[in-house]
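What's in data-v1.tsv: TSV, C-alpha atoms
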```
chain	number	residue	atom	x	y	z
T	156	MET	CA	10.68	-0.62	-29.77
T	157	GLY	CA	8.44	-3.65	-29.39
T	158	ALA	CA	5.99	-4.25	-26.56
T	159	GLY	CA	7.11	-6.02	-23.42
T	160	ALA	CA	5.46	-8.59	-21.18
T	161	PHE	CA	2.41	-6.40	-20.60
T	162	GLY	CA	2.12	-4.90	-24.07
T	163	VAL	CA	3.87	-1.69	-23.02
T	164	ALA	CA	6.86	-0.35	-24.93
T	165	GLY	CA	10.06	-0.23	-22.95
T	166	ILE	CA	9.15	-2.98	-20.48
T	167	VAL	CA	11.56	-5.92	-20.32
T	168	ALA	CA	10.31	-8.77	-22.52
T	169	SER	CA	9.71	-12.20	-21.04
T	170	PRO	CA	9.71	-15.71	-22.57
T	171	ALA	CA	6.67	-16.50	-24.67
T	172	HIS	CA	5.23	-18.94	-22.15
T	173	ALA	CA	5.76	-16.53	-19.27
T	174	ALA	CA	3.71	-13.78	-20.89
T	175	THR	CA	0.51	-15.69	-20.15
T	176	ARG	CA	1.24	-17.57	-16.93
T	177	THR	CA	-0.51	-16.41	-13.76
T	178	LEU	CA	2.07	-14.77	-11.54
T	179	GLU	CA	1.92	-15.19	-7.79
T	180	ARG	CA	4.04	-15.05	-4.69
T	181	GLY	CA	7.08	-17.27	-4.98
T	182	HIS	CA	7.49	-16.90	-8.75
T	183	THR	CA	10.71	-15.54	-10.24
T	184	GLY	CA	11.81	-14.53	-13.70
T	185	ALA	CA	11.86	-11.85	-16.38
T	186	ASP	CA	8.07	-11.61	-16.38
T	187	VAL	CA	8.08	-10.84	-12.64
T	188	LEU	CA	10.73	-8.18	-13.22
T	189	ALA	CA	8.57	-6.68	-15.98
T	190	LEU	CA	5.59	-6.69	-13.63
T	191	GLN	CA	7.54	-4.94	-10.90
T	192	LYS	CA	8.82	-2.26	-13.28
T	193	ARG	CA	5.32	-1.61	-14.58
T	194	LEU	CA	3.89	-1.41	-11.06
T	195	THR	CA	6.61	1.05	-10.10
T	196	LEU	CA	5.95	3.18	-13.17
T	197	LEU	CA	2.27	3.37	-12.23
T	198	LYS	CA	3.15	4.39	-8.63
T	199	TYR	CA	2.36	1.06	-6.93
T	200	TRP	CA	5.31	0.74	-4.60
T	201	CYS	CA	6.86	-2.75	-4.53
T	202	GLY	CA	10.38	-2.04	-3.35
T	203	THR	CA	13.32	-2.47	-5.74
T	204	PRO	CA	12.43	-4.57	-8.81
T	205	ASP	CA	14.43	-7.80	-8.58
T	206	GLY	CA	12.46	-10.43	-10.51
T	207	LYS	CA	11.23	-12.11	-7.32
T	208	PHE	CA	7.51	-12.06	-6.50
T	209	GLY	CA	7.58	-11.57	-2.75
T	210	HIS	CA	5.63	-9.84	-0.01
T	211	LEU	CA	6.05	-6.30	-1.34
T	212	THR	CA	5.06	-7.24	-4.88
T	213	GLN	CA	1.94	-8.91	-3.51
T	214	GLN	CA	1.12	-5.73	-1.58
T	215	ALA	CA	1.46	-3.69	-4.79
T	216	VAL	CA	-0.71	-6.12	-6.75
T	217	TRP	CA	-3.43	-5.88	-4.10
T	218	ALA	CA	-3.26	-2.09	-4.43
T	219	LEU	CA	-3.59	-2.36	-8.21
T	220	GLN	CA	-6.58	-4.68	-7.86
T	221	LYS	CA	-8.25	-2.29	-5.43
T	222	VAL	CA	-7.81	0.66	-7.78
T	223	GLY	CA	-9.05	-1.45	-10.69
T	224	GLY	CA	-12.07	-2.72	-8.75
T	225	VAL	CA	-11.29	-6.40	-9.33
T	226	SER	CA	-10.95	-9.39	-7.02
T	227	ARG	CA	-8.13	-9.02	-4.50
T	228	THR	CA	-6.31	-12.27	-5.22
T	229	GLY	CA	-2.75	-10.97	-5.01
T	230	LYS	CA	-2.09	-12.77	-8.31
T	231	VAL	CA	-1.51	-11.41	-11.81
T	232	GLY	CA	-3.48	-12.95	-14.65
T	233	ALA	CA	-5.26	-11.65	-17.74
T	234	VAL	CA	-7.40	-9.17	-15.78
T	235	GLU	CA	-4.43	-7.62	-14.01
T	236	ARG	CA	-2.37	-7.52	-17.23
T	237	SER	CA	-5.20	-5.56	-18.81
T	238	LEU	CA	-5.15	-3.08	-15.92
T	239	LEU	CA	-1.41	-2.69	-16.27
T	240	SER	CA	-1.54	-2.26	-20.03
T	241	ARG	CA	-4.20	0.43	-19.69
T	242	GLY	CA	-2.08	2.27	-17.16
T	243	THR	CA	-4.65	1.94	-14.39
T	244	ARG	CA	-3.93	4.29	-11.51
T	245	THR	CA	-5.94	6.49	-9.22
T	246	GLN	CA	-6.38	10.23	-8.93
T	247	PRO	CA	-6.09	11.23	-5.25
T	248	ARG	CA	-8.18	14.07	-3.88
T	249	SER	CA	-5.25	16.31	-2.96
T	250	THR	CA	-4.03	18.61	-5.70
T	251	SER	CA	-1.36	20.47	-3.75
T	252	GLY	CA	0.98	20.06	-0.81
T	253	ASN	CA	2.44	16.98	0.88
T	254	VAL	CA	-0.33	14.74	2.18
T	255	LEU	CA	-0.98	11.17	3.26
T	256	GLU	CA	-4.46	10.17	2.07
T	257	VAL	CA	-6.27	7.11	3.41
T	258	ASP	CA	-9.19	5.85	1.34
T	259	ILE	CA	-11.11	3.66	3.78
T	260	LYS	CA	-13.60	2.30	1.24
T	261	ARG	CA	-10.88	0.99	-1.04
T	262	GLN	CA	-8.33	0.33	1.73
T	263	LEU	CA	-5.57	2.33	0.05
T	264	LEU	CA	-2.98	4.82	1.26
T	265	PHE	CA	-1.74	7.50	-1.14
T	266	VAL	CA	1.47	9.43	-0.65
T	267	ILE	CA	1.17	12.88	-2.23
T	268	ASN	CA	4.25	14.97	-2.95
T	269	ASN	CA	3.70	18.59	-4.03
T	270	GLY	CA	0.22	17.73	-5.22
T	271	ALA	CA	1.32	14.71	-7.28
T	272	LEU	CA	0.83	11.01	-6.57
T	273	LEU	CA	4.12	9.48	-5.43
T	274	TYR	CA	3.10	6.06	-4.07
T	275	THR	CA	-0.03	3.94	-3.80
T	276	LEU	CA	0.12	1.47	-0.91
T	277	ASN	CA	-2.10	-1.35	0.25
T	278	THR	CA	-3.41	-0.60	3.74
T	279	SER	CA	-5.66	-2.27	6.28
T	280	THR	CA	-7.77	-0.09	8.57
T	281	GLY	CA	-10.42	-0.62	11.28
T	282	SER	CA	-12.27	-3.93	10.96
T	283	GLY	CA	-15.53	-2.69	12.46
T	284	GLU	CA	-15.45	-5.54	14.97
T	285	ARG	CA	-15.96	-5.23	18.71
T	286	TYR	CA	-12.99	-5.68	21.03
T	287	TYR	CA	-12.25	-5.27	24.74
T	288	SER	CA	-9.51	-2.90	25.84
T	289	GLY	CA	-8.81	-0.62	28.80
T	290	GLY	CA	-11.76	-1.97	30.78
T	291	SER	CA	-14.44	-1.40	28.14
T	292	TRP	CA	-15.77	-2.67	24.83
T	293	LYS	CA	-14.93	-0.67	21.74
T	294	THR	CA	-15.48	-0.84	17.99
T	295	ALA	CA	-12.53	-1.05	15.64
T	296	ARG	CA	-13.13	1.97	13.43
T	297	THR	CA	-10.77	4.39	11.71
T	298	PRO	CA	-11.92	8.00	12.18
T	299	THR	CA	-12.30	10.16	9.10
T	300	GLY	CA	-11.19	13.77	8.78
T	301	SER	CA	-8.11	15.89	8.33
T	302	TYR	CA	-5.35	15.54	10.92
T	303	SER	CA	-1.63	16.10	11.41
T	304	ILE	CA	1.02	13.72	12.68
T	305	TRP	CA	1.67	14.72	16.27
T	306	TYR	CA	3.99	12.00	17.59
T	307	ARG	CA	6.38	9.37	16.25
T	308	TRP	CA	7.64	6.35	18.15
T	309	PRO	CA	11.46	6.81	18.28
T	310	ASN	CA	12.29	3.60	16.39
T	311	GLY	CA	11.57	-0.11	16.13
T	312	TRP	CA	8.54	-1.96	17.46
T	313	GLN	CA	6.12	-0.47	19.96
T	314	ASN	CA	4.42	-3.25	21.88
T	315	GLY	CA	1.00	-2.76	23.42
T	316	SER	CA	-2.05	-4.67	24.60
T	317	LEU	CA	-3.47	-4.69	21.05
T	318	GLY	CA	-0.30	-5.91	19.39
T	319	ALA	CA	3.01	-4.69	18.00
T	320	MET	CA	3.43	-1.69	15.69
T	321	TRP	CA	6.52	-0.92	13.63
T	322	ARG	CA	7.65	2.73	13.90
T	323	PRO	CA	4.12	4.10	14.48
T	324	THR	CA	3.38	7.70	13.55
T	325	TYR	CA	0.33	9.04	15.40
T	326	TRP	CA	-2.14	11.37	13.70
T	327	LYS	CA	-5.10	11.32	16.14
T	328	GLY	CA	-4.89	10.16	19.74
T	329	ASP	CA	-3.91	6.49	19.65
T	330	TYR	CA	-4.49	6.16	15.90
T	331	ALA	CA	-1.36	5.75	13.81
T	332	ILE	CA	0.07	4.78	10.49
T	333	HIS	CA	2.44	1.93	11.28
T	334	GLY	CA	4.27	-1.03	9.86
T	335	SER	CA	2.87	-4.49	10.46
T	336	GLN	CA	3.63	-8.09	9.63
T	337	SER	CA	-0.01	-8.57	8.62
T	338	ILE	CA	-1.51	-6.25	6.00
T	339	PRO	CA	-4.36	-8.15	4.36
T	340	PRO	CA	-6.34	-6.58	1.50
T	341	TYR	CA	-9.33	-5.95	3.77
T	342	PRO	CA	-10.06	-4.06	7.04
T	343	ALA	CA	-8.43	-5.93	9.92
T	344	SER	CA	-6.94	-3.43	12.38
T	345	HIS	CA	-8.24	-1.92	15.61
T	346	GLY	CA	-8.39	1.46	13.86
T	347	CYS	CA	-4.83	2.22	12.80
T	348	CYS	CA	-3.63	2.20	9.19
T	349	ARG	CA	-1.32	-0.73	8.59
T	350	VAL	CA	1.35	-0.79	5.88
T	351	SER	CA	4.32	-3.11	5.37
T	352	THR	CA	7.33	-2.55	7.61
T	353	ALA	CA	9.39	-1.81	4.48
T	354	ALA	CA	6.87	0.82	3.35
T	355	GLN	CA	6.95	2.43	6.79
T	356	ASP	CA	10.75	2.49	6.66
T	357	LEU	CA	10.50	4.22	3.27
T	358	LEU	CA	8.07	6.82	4.61
T	359	TRP	CA	10.38	7.53	7.54
T	360	ALA	CA	13.53	7.70	5.40
T	361	GLN	CA	11.93	10.15	2.96
T	362	GLY	CA	10.37	12.33	5.65
T	363	ARG	CA	6.83	11.46	4.53
T	364	VAL	CA	5.66	10.90	8.11
T	365	ALA	CA	7.31	13.93	9.71
T	366	ILE	CA	5.69	15.74	12.62
T	367	GLY	CA	3.03	18.06	11.25
T	368	ARG	CA	2.48	16.10	8.02
T	369	ARG	CA	-1.19	16.21	7.01
T	370	VAL	CA	-3.18	12.96	7.11
T	371	TRP	CA	-6.52	13.02	5.31
T	372	VAL	CA	-8.78	10.05	6.02
T	373	TYR	CA	-12.00	9.63	4.06
```

Spit out the file's structure as structure tokens when you get a sec.
Amino acid sequence: MGAGAFGVAGIVASPAHAATRTLERGHTGADVLALQKRLTLLKYWCGTPDGKFGHLTQQAVWALQKVGGVSRTGKVGAVERSLLSRGTRTQPRSTSGNVLEVDIKRQLLFVINNGALLYTLNTSTGSGERYYSGGSWKTARTPTGSYSIWYRWPNGWQNGSLGAMWRPTYWKGDYAIHGSQSIPPYPASHGCCRVSTAAQDLLWAQGRVAIGRRVWVY
């Protein structure tokens, strides 16, 4: 079988001109579908491949760029195609069990199932900036260590003085993994780990954020 849009056998082929165009949010077509299938194969979750470069595909591309150590543009050009062709993916630290790993340096969240990488998600953690809350100044940092999810908001948005969180799952005090409408490819939160609302729905539906689930932040 011949190579597809990214030089990988079995991936849906795209028109000749599309194989070299820079893909970005808003684009549609066979080359976008091929991109989404390749991302999914390499464990970068982008929802259901549909040939439309939307929010979730951009999140997955940011995750790929973080793992590959390249500029976080959210676009797919020659550099990203090379990463995809080489099968670029990360090796999490966990080798057994069901774990949620948060890599603060690279701003990535890994979902580990029975010791194997299931999903790689773009995340945004503590910005390191100062903010005022509860009558005192604090620094937006995400604590490192090994924890367990101890509480889950029943459903929907939880609104607080620091903003809204979609279906937050708490792993240390007020720190949670939660869905957000803003998940940039850099640290921007007050200390929580932000993911897309769709990714949080997935984690809930699959029981990945159940009470007692280990969260390892490093």

(request) Do a neighbour search on Ala218 in chain T at 10 Å with all atoms listed in the file, toss out local chain neighbours closer than 6 positions, and write the hits as a ChimeraX atom specification. (result) /T:194,199-200,212,224,227,229,244,261-264,275-278,340

(message) Tell me which residues come within 8 Å of (8.3, -3.9, -11.6), as a PyMOL selection string, counting all atoms listed in the file in the file's coordinates.
(response) chain T and resi 187-196+201+203-206

Do you have, as JSON lines, the list of residues of range 313-340 of chain T lying at most 9 Å from range 347-369 of chain T, each with its nearest atom pair and that distance in Å to one decimal, counting only C-alpha atoms and ordered by chain then number?
```
{"residue": "T:Met320", "atom": "CA", "partner": "T:Arg349", "partner_atom": "CA", "distance": 8.6}
{"residue": "T:Trp321", "atom": "CA", "partner": "T:Thr352", "partner_atom": "CA", "distance": 6.3}
{"residue": "T:Arg322", "atom": "CA", "partner": "T:Gln355", "partner_atom": "CA", "distance": 7.2}
{"residue": "T:Pro323", "atom": "CA", "partner": "T:Gln355", "partner_atom": "CA", "distance": 8.4}
{"residue": "T:Thr324", "atom": "CA", "partner": "T:Val364", "partner_atom": "CA", "distance": 6.7}
{"residue": "T:Tyr325", "atom": "CA", "partner": "T:Cys347", "partner_atom": "CA", "distance": 8.9}
{"residue": "T:Trp326", "atom": "CA", "partner": "T:Arg369", "partner_atom": "CA", "distance": 8.3}
{"residue": "T:Asp329", "atom": "CA", "partner": "T:Cys347", "partner_atom": "CA", "distance": 8.1}
{"residue": "T:Tyr330", "atom": "CA", "partner": "T:Cys347", "partner_atom": "CA", "distance": 5.0}
{"residue": "T:Ala331", "atom": "CA", "partner": "T:Cys347", "partner_atom": "CA", "distance": 5.1}
{"residue": "T:Ile332", "atom": "CA", "partner": "T:Cys348", "partner_atom": "CA", "distance": 4.7}
{"residue": "T:His333", "atom": "CA", "partner": "T:Arg349", "partner_atom": "CA", "distance": 5.3}
{"residue": "T:Gly334", "atom": "CA", "partner": "T:Thr352", "partner_atom": "CA", "distance": 4.1}
{"residue": "T:Ser335", "atom": "CA", "partner": "T:Ser351", "partner_atom": "CA", "distance": 5.5}
{"residue": "T:Gln336", "atom": "CA", "partner": "T:Ser351", "partner_atom": "CA", "distance": 6.6}
{"residue": "T:Ser337", "atom": "CA", "partner": "T:Ser351", "partner_atom": "CA", "distance": 7.7}
{"residue": "T:Ile338", "atom": "CA", "partner": "T:Arg349", "partner_atom": "CA", "distance": 6.1}
```

8 Å per side around range 334-338 of chain T: axis-aligned box centre and edge lengths, as JSON:
```
{"center_x": 1.4, "center_y": -4.8, "center_z": 8.2, "size_x": 21.8, "size_y": 23.5, "size_z": 20.5}
```

(request) Can you work out which one of T:Lys221, T:His210, T:Arg307, T:Arg176 has the shortest atom-to-atom distance to Leu238 in chain T, counting only C-alpha atoms? (result) T:Lys221

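Here CA of Gly346 in chain T is placed at a distance of 15.9 Å from CA of Gln313 in chain T.
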
(request) Identify the residues around (-7.1, -4.0, 8.2) within a radius of 6 Å, measuring from all atoms listed in the file in the coordinates stated by the file, and give them as an MDAnalysis selection string. (result) chainID T and resid 279:282 341:344

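Atom to atom, CA of Asn268 in chain T and CA of Ser226 in chain T stand 29.0 Å apart.
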
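With all atoms listed in the file taken into account, the protein and nucleic acid residues at most 6 Å from range 293-301 of chain T (excluding it and anything under 5 positions from it in its own chain) are T:Gly281, T:Ser282, T:Gly283, T:Glu284, T:Arg285, T:Tyr286, T:His345, T:Gly346, T:Val370, T:Trp371, T:Val372, T:Tyr373.
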
Contacts between range 179-183 of chain T and range 224-337 of chain T, please, where a residue of range 224-337 of chain T counts if it comes within 10 Å (with all atoms listed in the file); show its shortest atom pair and distance in Å to one decimal, rows by chain and ascending number, as CSV.
```
residue,atom,partner,partner_atom,distance
T:Thr228,CA,T:Glu179,CA,9.1
T:Gly229,CA,T:Glu179,CA,6.9
T:Lys230,CA,T:Glu179,CA,4.7
T:Val231,CA,T:Glu179,CA,6.5
T:Gly232,CA,T:Glu179,CA,9.0
```

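We find CA of Gly270 in chain T and CA of Val254 in chain T to be spaced 8.0 Å apart.
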
(message) Report as a PyMOL selection string all protein, DNA and RNA residues lying within 10 Å of Asn269 in chain T, evaluated on all atoms listed in the file, omitting residues in the same chain fewer than 4 positions from it.
(response) chain T and resi 249-254+273

(message) Give me, as a list in words, all polymer residues having an atom no more than 9 Å from Ser316 in chain T, counting only C-alpha atoms and skipping those fewer than 3 positions away in the same chain.
(response) Ser288, Gly289 and Ala319 of chain T

(request) Go through T:Val266, T:Ile259, T:Leu178, T:Ile304 and flag the residue nearest Val234 in chain T, using all atoms listed in the file for the distances. (result) T:Leu178
